[in-house]
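File shown here: upload_34.cif, holding mmCIF, C-alpha atoms.
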data_work
loop_
_atom_site.label_atom_id
_atom_site.label_comp_id
_atom_site.auth_asym_id
_atom_site.auth_seq_id
_atom_site.Cartn_x
_atom_site.Cartn_y
_atom_site.Cartn_z
CA MET A 11 110.16 36.81 146.49
CA PHE A 12 108.54 34.62 143.88
CA LYS A 13 105.47 33.99 145.97
CA LEU A 14 102.89 33.42 143.34
CA VAL A 15 100.49 30.98 141.90
CA ASN A 16 103.27 29.29 140.06
CA SER A 17 102.02 26.59 137.77
CA LEU A 18 104.41 25.03 135.40
CA HIS A 19 102.85 22.33 133.29
CA PHE A 20 104.38 20.21 130.65
CA LEU A 21 102.25 18.63 128.00
CA ASN A 22 103.86 18.14 124.62
CA MET A 23 105.54 21.50 124.66
CA ASN A 24 102.71 23.41 126.25
CA PHE A 25 103.63 25.20 129.39
CA SER A 26 102.45 28.15 131.36
CA GLU A 27 103.31 30.51 134.16
CA ARG A 28 101.04 32.63 136.27
CA ILE A 29 102.19 35.67 138.22
CA PHE A 30 100.59 38.35 140.31
CA SER A 31 100.80 41.88 138.90
CA ARG A 32 104.18 42.91 140.16
CA LEU A 33 106.90 44.05 137.78
CA GLU A 34 109.64 42.46 139.87
CA LEU A 35 108.17 39.02 139.19
CA ILE A 36 108.55 39.38 135.43
CA PRO A 37 112.29 38.64 134.97
CA ASP A 38 112.04 35.36 136.86
CA CYS A 39 108.92 34.39 134.93
CA ILE A 40 110.64 35.11 131.60
CA GLU A 41 113.73 33.21 132.62
CA LYS A 42 111.67 30.13 133.44
CA LEU A 43 109.80 30.30 130.15
CA ILE A 44 112.89 30.95 128.04
CA LYS A 45 114.67 28.03 129.71
CA LYS A 46 111.90 25.77 128.40
CA ILE A 47 112.48 26.74 124.78
CA LYS A 48 116.28 26.90 124.81
CA HIS A 49 116.53 23.38 123.38
CA LEU A 50 114.72 24.46 120.20
CA SER A 51 118.00 25.70 118.72
CA LEU A 52 116.52 29.02 117.80
CA ALA A 53 118.81 31.61 116.29
CA GLU A 54 120.16 34.04 118.86
CA GLU A 55 118.23 36.79 117.11
CA GLU A 56 114.94 34.85 117.28
CA LEU A 57 115.41 34.14 120.97
CA PHE A 58 116.14 37.81 121.58
CA ASP A 59 112.91 38.81 119.79
CA ILE A 60 110.83 36.23 121.63
CA LYS A 61 112.22 37.31 124.99
CA LEU A 62 111.58 40.96 124.21
CA CYS A 63 107.99 40.37 123.04
CA LEU A 64 107.32 38.21 126.08
CA GLN A 65 108.66 41.00 128.28
CA GLU A 66 106.61 43.71 126.53
CA ALA A 67 103.41 41.68 126.72
CA LEU A 68 103.90 40.86 130.41
CA VAL A 69 104.75 44.46 131.30
CA ASN A 70 101.70 45.73 129.43
CA ALA A 71 99.51 43.17 131.19
CA VAL A 72 100.78 44.16 134.65
CA LYS A 73 100.93 47.90 134.00
CA HIS A 74 98.10 48.73 131.63
CA GLY A 75 95.92 45.62 131.92
CA ASN A 76 95.85 44.91 135.63
CA LYS A 77 96.98 48.44 136.54
CA PHE A 78 99.46 47.09 139.09
CA ASP A 79 96.65 45.55 141.14
CA THR A 80 98.64 42.89 142.97
CA ASN A 81 95.50 40.84 143.56
CA LEU A 82 95.12 40.33 139.83
CA GLU A 83 97.08 37.79 137.87
CA VAL A 84 98.70 37.50 134.49
CA GLU A 85 98.84 34.16 132.76
CA CYS A 86 101.37 33.37 130.12
CA SER A 87 101.43 30.19 128.09
CA ILE A 88 103.69 28.94 125.34
CA GLU A 89 102.83 26.30 122.80
CA VAL A 90 105.44 24.91 120.47
CA LEU A 91 104.39 23.07 117.36
CA ASP A 92 106.60 21.86 114.50
CA ASP A 93 106.90 25.14 112.71
CA ARG A 94 105.73 27.72 115.22
CA LEU A 95 105.95 28.99 118.74
CA THR A 96 102.84 30.67 120.10
CA ILE A 97 102.81 32.82 123.21
CA GLN A 98 99.60 33.86 124.90
CA VAL A 99 99.53 36.50 127.62
CA LYS A 100 96.25 37.25 129.39
CA ASP A 101 95.52 39.73 132.13
CA GLN A 102 92.39 40.34 134.21
CA GLY A 103 91.89 43.96 133.25
CA ALA A 104 89.30 45.71 131.11
CA GLY A 105 91.36 45.48 127.92
CA PHE A 106 92.31 48.17 125.46
CA ASP A 107 91.98 49.05 121.82
CA GLU A 108 95.35 48.30 120.27
CA GLN A 109 94.31 50.16 117.13
CA ALA A 110 94.05 53.34 119.19
CA VAL A 111 97.72 53.25 120.16
CA PRO A 112 99.54 55.83 118.02
CA CYS A 113 102.35 54.36 115.94
CA PRO A 114 105.55 55.35 117.77
CA ALA A 115 107.60 54.92 114.59
CA HIS A 116 105.88 57.82 112.83
CA THR A 117 108.19 60.80 112.68
CA GLU A 118 105.88 62.97 114.79
CA ASN A 119 105.71 60.27 117.50
CA LEU A 120 109.37 59.33 117.72
CA THR A 121 109.86 61.19 120.99
CA LYS A 122 106.78 59.64 122.61
CA THR A 123 107.73 57.44 125.52
CA SER A 124 104.78 55.04 125.31
CA GLY A 125 103.21 52.65 122.82
CA ARG A 126 106.48 51.10 121.78
CA GLY A 127 105.79 47.73 123.47
CA VAL A 128 102.72 46.99 121.35
CA TYR A 129 104.58 48.18 118.27
CA LEU A 130 107.60 45.94 118.94
CA ILE A 131 105.36 42.91 119.38
CA LYS A 132 103.66 43.59 116.04
CA LYS A 133 106.96 44.09 114.26
CA LEU A 134 108.98 41.26 115.74
CA MET A 135 106.42 38.48 115.82
CA ASP A 136 104.96 36.92 112.66
CA GLU A 137 101.31 36.85 113.73
CA VAL A 138 99.69 38.90 116.50
CA LYS A 139 96.09 38.81 117.63
CA TYR A 140 94.53 40.64 120.54
CA PHE A 141 91.47 39.01 122.07
CA ASP A 142 88.94 39.55 124.89
CA ARG A 143 88.80 43.29 124.15
CA GLY A 144 92.58 43.49 124.26
CA SER A 145 93.06 41.86 127.66
CA GLY A 146 94.87 39.04 125.94
CA VAL A 147 97.41 38.76 123.17
CA LYS A 148 98.36 35.73 121.12
CA MET A 149 101.59 36.06 119.22
CA THR A 150 103.27 33.57 116.96
CA LYS A 151 106.79 33.24 115.67
CA PHE A 152 107.35 30.81 112.83
CA ILE A 153 110.41 28.84 113.69
CA ASN A 154 110.53 27.07 110.37
CA LYS A 155 112.32 29.69 108.28
CA GLU A 156 110.35 28.86 105.12
CA ASN A 157 107.11 29.93 106.77
CA SER A 158 108.57 32.93 108.47
CA ARG A 159 107.88 36.41 107.21
CA GLU A 160 111.46 37.18 108.04
CA PRO A 161 113.06 39.60 108.06
CA LYS A 162 110.20 41.64 109.47
CA ARG A 163 112.57 43.70 111.55
CA ARG A 164 114.35 44.99 108.50
CA GLU A 165 111.21 46.23 106.78
CA ALA A 166 111.48 49.87 105.78
CA MET B 11 122.27 46.92 134.77
CA ASN B 12 125.44 48.74 135.78
CA LEU B 13 126.53 52.22 134.84
CA LYS B 14 130.03 53.60 135.14
CA GLU B 15 130.92 57.14 134.24
CA GLU B 16 134.15 58.36 132.76
CA LYS B 17 135.19 61.88 131.82
CA ARG B 18 137.09 62.67 128.67
CA ASN B 19 137.64 66.43 128.68
CA ASP B 20 134.12 67.90 128.55
CA ILE B 21 132.54 64.62 127.47
CA THR B 22 130.80 62.26 129.89
CA ILE B 23 131.03 58.65 128.82
CA CYS B 24 128.31 56.44 130.34
CA LYS B 25 129.41 52.83 130.16
CA LEU B 26 126.22 50.82 130.37
CA GLU B 27 126.28 47.15 131.19
CA GLY B 28 123.73 44.33 131.20
CA GLU B 29 120.02 44.54 130.51
CA ILE B 30 118.17 47.87 130.41
CA THR B 31 114.55 47.15 131.28
CA ILE B 32 111.56 48.52 133.13
CA ASN B 33 113.01 46.94 136.26
CA ASN B 34 116.07 49.19 136.27
CA SER B 35 115.23 52.15 134.01
CA ALA B 36 114.53 54.28 137.11
CA GLU B 37 118.15 53.73 138.11
CA LEU B 38 119.31 54.84 134.68
CA ARG B 39 117.03 57.91 134.84
CA LYS B 40 118.56 58.81 138.21
CA ALA B 41 122.08 58.63 136.77
CA PHE B 42 120.99 60.83 133.85
CA ASP B 43 119.39 63.28 136.32
CA LEU B 44 122.76 63.77 138.00
CA ILE B 45 124.48 64.39 134.66
CA ILE B 46 121.90 67.04 133.79
CA LYS B 47 122.20 68.59 137.24
CA ARG B 48 125.97 68.86 136.77
CA ASN B 49 125.18 70.68 133.52
CA GLU B 50 127.22 68.22 131.49
CA LYS B 51 126.10 68.70 127.93
CA LYS B 52 128.10 66.19 125.94
CA VAL B 53 127.13 62.64 126.74
CA LEU B 54 128.29 59.44 125.13
CA ALA B 55 126.43 56.23 125.90
CA ASP B 56 128.68 53.20 125.51
CA PHE B 57 126.51 50.19 124.65
CA THR B 58 129.36 47.74 124.20
CA ALA B 59 128.31 45.68 127.24
CA VAL B 60 124.53 46.05 126.87
CA SER B 61 122.91 42.73 126.08
CA TYR B 62 119.23 43.67 125.99
CA ILE B 63 116.90 46.67 126.06
CA ASP B 64 113.12 46.90 126.28
CA SER B 65 110.69 49.69 125.40
CA SER B 66 111.02 51.23 128.85
CA GLY B 67 114.79 51.42 128.43
CA LEU B 68 114.26 53.06 125.05
CA ALA B 69 111.84 55.55 126.63
CA THR B 70 114.48 56.48 129.24
CA LEU B 71 116.98 57.18 126.46
CA ILE B 72 114.40 59.34 124.66
CA GLU B 73 113.83 61.34 127.85
CA MET B 74 117.58 61.90 128.23
CA PHE B 75 117.87 62.92 124.58
CA GLN B 76 115.06 65.45 125.04
CA ARG B 77 116.46 66.86 128.27
CA LEU B 78 119.92 67.31 126.78
CA LYS B 79 118.44 68.91 123.68
CA LYS B 80 116.57 71.39 125.84
CA ILE B 81 119.80 72.62 127.43
CA GLY B 82 121.71 72.62 124.16
CA GLY B 83 123.44 69.34 124.87
CA ARG B 84 124.18 66.33 122.73
CA LEU B 85 123.84 62.58 123.14
CA ARG B 86 125.68 59.98 121.08
CA PHE B 87 125.62 56.19 121.16
CA TYR B 88 128.19 53.66 120.15
CA GLY B 89 129.04 49.98 120.56
CA LEU B 90 125.57 48.64 119.85
CA ASP B 91 125.28 44.89 119.35
CA GLN B 92 123.55 44.00 116.07
CA LYS B 93 120.42 42.76 117.86
CA ILE B 94 120.10 46.02 119.77
CA LYS B 95 120.88 48.05 116.68
CA ASN B 96 117.99 46.23 115.00
CA ILE B 97 115.63 47.30 117.79
CA PHE B 98 116.62 50.93 117.20
CA GLU B 99 115.99 50.41 113.49
CA VAL B 100 112.65 48.63 113.89
CA THR B 101 111.40 51.43 116.16
CA LYS B 102 112.96 54.02 113.82
CA LEU B 103 114.81 55.51 116.77
CA HIS B 104 117.99 55.38 114.70
CA LYS B 105 116.49 58.44 112.97
CA LEU B 106 116.20 60.29 116.28
CA PHE B 107 119.47 59.23 117.89
CA ASP B 108 122.99 59.58 116.59
CA ILE B 109 124.48 56.12 116.57
CA CYS B 110 128.18 55.91 115.85
CA ASP B 111 130.22 52.89 114.88
CA THR B 112 133.21 53.52 117.11
CA GLN B 113 134.04 55.40 120.26
CA GLU B 114 136.49 57.47 118.28
CA SER B 115 133.90 58.63 115.76
CA ALA B 116 131.37 59.29 118.55
CA LEU B 117 133.88 61.43 120.47
CA LYS B 118 134.73 63.30 117.31
CA ASP B 119 131.04 63.83 116.57
CA LEU B 120 130.40 65.38 119.97
#
Would you mind writing the structure in this file as structure tokens?
Amino acid sequence: MFKLVNSLHFLNMNFSERIFSRLELIPDCIEKLIKKIKHLSLAEEELFDIKLCLQEALVNAVKHGNKFDTNLEVECSIEVLDDRLTIQVKDQGAGFDEQAVPCPAHTENLTKTSGRGVYLIKKLMDEVKYFDRGSGVKMTKFINKENSREPKRREA
Amino acid sequence: MNLKEEKRNDITICKLEGEITINNSAELRKAFDLIIKRNEKKVLADFTAVSYIDSSGLATLIEMFQRLKKIGGRLRFYGLDQKIKNIFEVTKLHKLFDICDTQESALKDL
């Protein structure tokens, strides 16, 4: 089932996973990554947000980035420093313009069924940068509360 | 994700359980399809046992909301965990959906 180029490296809280572009591989991948950060004593809410953003980024990479091409891979890495946790998800697709995604929270877009993944990542993480024409995303959550822009999720 | 249905007069209560994600939203859509086919217009989604939802799960709920609206039906939610309630608020979907605090108030509202 989890037949993939599965590389799990440890180097001072840097680790990564690589999966082929199949949605069914995502839950296992997330579980492995989340297990590695469980010891950080993150608040339940923070862990929930991180898991969700990880999920949204991986799904977007498989679905929109690699367009379900099972020969293409998605790489996800996590780096934990003193005050931050940075997740990088990179696919092998052509990328996309994240600015062109209509905001699903605008009243006229509330019933749209797409674009909410990118939006959630931007709202729940503290810093988000797309790179390589949008084929990669780097998202950071400050885990030292003083540096956090919390509570982003409660912004009006 | 598990889904159990219960009837309370003309109201269909969908007891959802577990994680609602892209990996099982098709299953949820299928269950909603059957409700629509049976022409059941008052639907209550019980979130008490839902631990997690992603954007695909949200999209499936939006579809159900739209389909019910089209046939003059109504959809209510209750029992949302604070973390899930926050996701509805962040995405502003709390403005689209009717989220009730208790099953009693949701049933009354339908």
Neighbours of Gln65 of chain A within 10 Å (all atoms listed in the file; same-chain residues fewer than 2 positions away dropped), as a PDB file with C-alpha atoms, keeping the file's coordinate frame?
ATOM      1  CA  ILE A  36     108.550  39.380 135.430  1.00  0.00           C
ATOM      2  CA  PRO A  37     112.290  38.640 134.970  1.00  0.00           C
ATOM      3  CA  CYS A  39     108.920  34.390 134.930  1.00  0.00           C
ATOM      4  CA  ILE A  40     110.640  35.110 131.600  1.00  0.00           C
ATOM      5  CA  ASP A  59     112.910  38.810 119.790  1.00  0.00           C
ATOM      6  CA  ILE A  60     110.830  36.230 121.630  1.00  0.00           C
ATOM      7  CA  LYS A  61     112.220  37.310 124.990  1.00  0.00           C
ATOM      8  CA  LEU A  62     111.580  40.960 124.210  1.00  0.00           C
ATOM      9  CA  CYS A  63     107.990  40.370 123.040  1.00  0.00           C
ATOM     10  CA  ALA A  67     103.410  41.680 126.720  1.00  0.00           C
ATOM     11  CA  LEU A  68     103.900  40.860 130.410  1.00  0.00           C
ATOM     12  CA  VAL A  69     104.750  44.460 131.300  1.00  0.00           C
ATOM     13  CA  ASN A  70     101.700  45.730 129.430  1.00  0.00           C
ATOM     14  CA  ALA A  71      99.510  43.170 131.190  1.00  0.00           C
ATOM     15  CA  GLY A 127     105.790  47.730 123.470  1.00  0.00           C
ATOM     16  CA  ILE A 131     105.360  42.910 119.380  1.00  0.00           C
TER      17      ILE A 131
ATOM     18  CA  THR B  31     114.550  47.150 131.280  1.00  0.00           C
ATOM     19  CA  ILE B  32     111.560  48.520 133.130  1.00  0.00           C
ATOM     20  CA  ASP B  64     113.120  46.900 126.280  1.00  0.00           C
ATOM     21  CA  SER B  65     110.690  49.690 125.400  1.00  0.00           C
TER      22      SER B  65
END
**Message:** Need to verify the contact set: segment 81-98 of chain B, 10 Å, all atoms listed in the file, exclusion of same-chain residues closer than 3 positions in sequence. Can you return it as number ranges by chain?
**Reply:** A: 54-56, 58-59, 62, 130, 133-134, 163-164; B: 21-24, 46, 49-65, 68, 71, 74-78, 101-117, 119-120
**Asked** In Å, how far is it from atom CA of Phe106 of chain A to atom CA of Ile72 of chain B?
**Response** 24.8 Å
**Asked** Written as a PyMOL selection string, what is the full residue list that the PyMOL selection byres ((chain A and resi 98) around 7) yields on the file shown?
**Response** chain A and resi 86-88+96-97+99-100+147-149
**Message:** Nearest residue to chain B out of A:Asp107, A:Glu66, A:Ile153, A:Met135, using all atoms listed in the file?
**Reply:**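 Ranked by minimum distance to chain B, first place goes to A:Glu66.
If you look at atom CA of Arg28 of chain A and atom CA of His74 of chain A, they are 17.0 Å away from each other.
Note that the spacing between atom CA of Ser66 of chain B and atom CA of Gly125 of chain A amounts to 10.0 Å.
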**Asked** Out of B:Lys47, B:Leu38, B:Lys80, B:Asn33, which residue has the shortest atom-to-atom distance to chain A when counting all atoms listed in the file?
**Response**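 Among the listed residues, the smallest separation from chain A belongs to B:Asn33.
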**Asked** Smallest atom-to-atom distance to chain A: which of B:Glu37, B:Lys118, B:Arg48, B:Glu99, using all atoms listed in the file?
**Response** B:Glu99
As JSON, please: the centre and edge lengths in Å, to one decimal, of an axis-aligned box enclosing every listed atom of segment 133-137 of chain A with 6 Å added on each side.
{"center_x": 105.1, "center_y": 40.5, "center_z": 114.2, "size_x": 19.7, "size_y": 19.2, "size_z": 15.2}
**Request:** Go through A:Ile29, A:Ala104, A:Ala115, A:Met23 one by one, measure the shortest atom-to-atom distance of each to chain B using only C-alpha atoms, and give the residue with the smallest value.
**Result:** A:Ala115
**Message:** For a quick check of understanding, using all atoms listed in the file, which of A:Thr150, A:Leu91, A:Asp136, A:Glu34 has the smallest distance to chain B?
**Reply:**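 Once distances to chain B are computed over all atoms listed in the file, the minimum belongs to A:Glu34.
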Keeping all heavy atoms (and nothing else), can you write segment 107-121 of chain A of this structure as a compact mmCIF listing (two decimals), in the first residue's frame?
# COMPACT_ATOMS: atom_id res chain seq x y z
N ASP A 107 -0.63 30.26 -10.02
CA ASP A 107 -0.55 31.61 -9.47
C ASP A 107 -1.53 31.69 -8.30
O ASP A 107 -2.75 31.79 -8.49
CB ASP A 107 -0.91 32.63 -10.55
CG ASP A 107 -0.92 34.06 -10.02
OD1 ASP A 107 -0.48 34.27 -8.85
OD2 ASP A 107 -1.36 34.96 -10.75
N GLU A 108 -0.99 31.64 -7.10
CA GLU A 108 -1.88 31.63 -5.92
C GLU A 108 -2.68 32.92 -5.78
O GLU A 108 -3.75 32.92 -5.17
CB GLU A 108 -1.10 31.32 -4.64
CG GLU A 108 0.22 32.02 -4.47
CD GLU A 108 0.17 33.26 -3.59
OE1 GLU A 108 -0.84 33.45 -2.91
OE2 GLU A 108 1.14 34.03 -3.62
N GLN A 109 -2.18 33.99 -6.40
CA GLN A 109 -2.91 35.26 -6.33
C GLN A 109 -4.18 35.21 -7.18
O GLN A 109 -5.10 36.00 -6.99
CB GLN A 109 -2.03 36.42 -6.85
CG GLN A 109 -0.75 36.64 -6.06
CD GLN A 109 -1.00 37.26 -4.68
OE1 GLN A 109 -2.09 37.75 -4.40
NE2 GLN A 109 -0.01 37.18 -3.81
N ALA A 110 -4.19 34.27 -8.14
CA ALA A 110 -5.34 34.18 -9.05
C ALA A 110 -6.48 33.36 -8.47
O ALA A 110 -7.55 33.26 -9.08
CB ALA A 110 -4.88 33.57 -10.38
N VAL A 111 -6.24 32.75 -7.30
CA VAL A 111 -7.30 31.94 -6.68
C VAL A 111 -8.29 32.88 -5.99
O VAL A 111 -7.90 33.63 -5.09
CB VAL A 111 -6.71 30.94 -5.65
CG1 VAL A 111 -7.81 30.10 -5.00
CG2 VAL A 111 -5.67 30.03 -6.31
N PRO A 112 -9.55 32.87 -6.40
CA PRO A 112 -10.52 33.78 -5.77
C PRO A 112 -10.67 33.47 -4.28
O PRO A 112 -10.62 32.30 -3.89
CB PRO A 112 -11.84 33.48 -6.51
CG PRO A 112 -11.49 32.64 -7.66
CD PRO A 112 -10.17 31.99 -7.38
N CYS A 113 -10.81 34.53 -3.49
CA CYS A 113 -10.94 34.33 -2.05
C CYS A 113 -12.29 33.66 -1.73
O CYS A 113 -13.34 34.25 -1.96
CB CYS A 113 -10.82 35.65 -1.31
SG CYS A 113 -11.08 35.44 0.46
N PRO A 114 -12.24 32.43 -1.20
CA PRO A 114 -13.51 31.72 -0.95
C PRO A 114 -14.30 32.29 0.22
O PRO A 114 -15.45 31.89 0.43
CB PRO A 114 -13.04 30.29 -0.65
CG PRO A 114 -11.67 30.46 -0.11
CD PRO A 114 -11.08 31.65 -0.75
N ALA A 115 -13.69 33.20 0.97
CA ALA A 115 -14.39 33.77 2.13
C ALA A 115 -15.21 35.01 1.77
O ALA A 115 -15.96 35.52 2.59
CB ALA A 115 -13.39 34.11 3.23
N HIS A 116 -15.04 35.49 0.52
CA HIS A 116 -15.86 36.62 0.09
C HIS A 116 -17.30 36.12 -0.06
O HIS A 116 -17.54 35.01 -0.55
CB HIS A 116 -15.38 37.19 -1.25
CG HIS A 116 -14.13 38.01 -1.09
ND1 HIS A 116 -13.41 38.48 -2.16
CD2 HIS A 116 -13.48 38.45 0.02
CE1 HIS A 116 -12.36 39.16 -1.72
NE2 HIS A 116 -12.39 39.16 -0.41
N THR A 117 -18.22 36.96 0.32
CA THR A 117 -19.63 36.56 0.32
C THR A 117 -20.06 35.90 -0.99
O THR A 117 -20.74 34.87 -0.98
CB THR A 117 -20.51 37.79 0.61
OG1 THR A 117 -19.97 38.43 1.76
CG2 THR A 117 -21.95 37.40 0.88
N GLU A 118 -19.63 36.49 -2.12
CA GLU A 118 -20.07 35.96 -3.41
C GLU A 118 -19.43 34.60 -3.75
O GLU A 118 -19.87 33.91 -4.66
CB GLU A 118 -19.82 36.98 -4.55
CG GLU A 118 -18.36 37.26 -4.88
CD GLU A 118 -17.74 38.34 -4.02
OE1 GLU A 118 -18.29 38.64 -2.93
OE2 GLU A 118 -16.69 38.88 -4.42
N ASN A 119 -18.36 34.25 -3.00
CA ASN A 119 -17.67 32.98 -3.28
C ASN A 119 -17.92 31.90 -2.23
O ASN A 119 -17.34 30.81 -2.32
CB ASN A 119 -16.15 33.22 -3.36
CG ASN A 119 -15.76 34.11 -4.52
OD1 ASN A 119 -16.47 34.15 -5.52
ND2 ASN A 119 -14.67 34.83 -4.39
N LEU A 120 -18.76 32.20 -1.27
CA LEU A 120 -18.95 31.25 -0.17
C LEU A 120 -19.42 29.87 -0.61
O LEU A 120 -19.11 28.88 0.04
CB LEU A 120 -19.94 31.81 0.86
CG LEU A 120 -19.39 32.78 1.91
CD1 LEU A 120 -20.49 33.18 2.88
CD2 LEU A 120 -18.21 32.19 2.67
N THR A 121 -20.17 29.82 -1.70
CA THR A 121 -20.67 28.51 -2.15
C THR A 121 -19.72 27.83 -3.14
O THR A 121 -20.02 26.73 -3.63
CB THR A 121 -22.07 28.65 -2.78
OG1 THR A 121 -22.01 29.64 -3.81
CG2 THR A 121 -23.12 29.05 -1.75
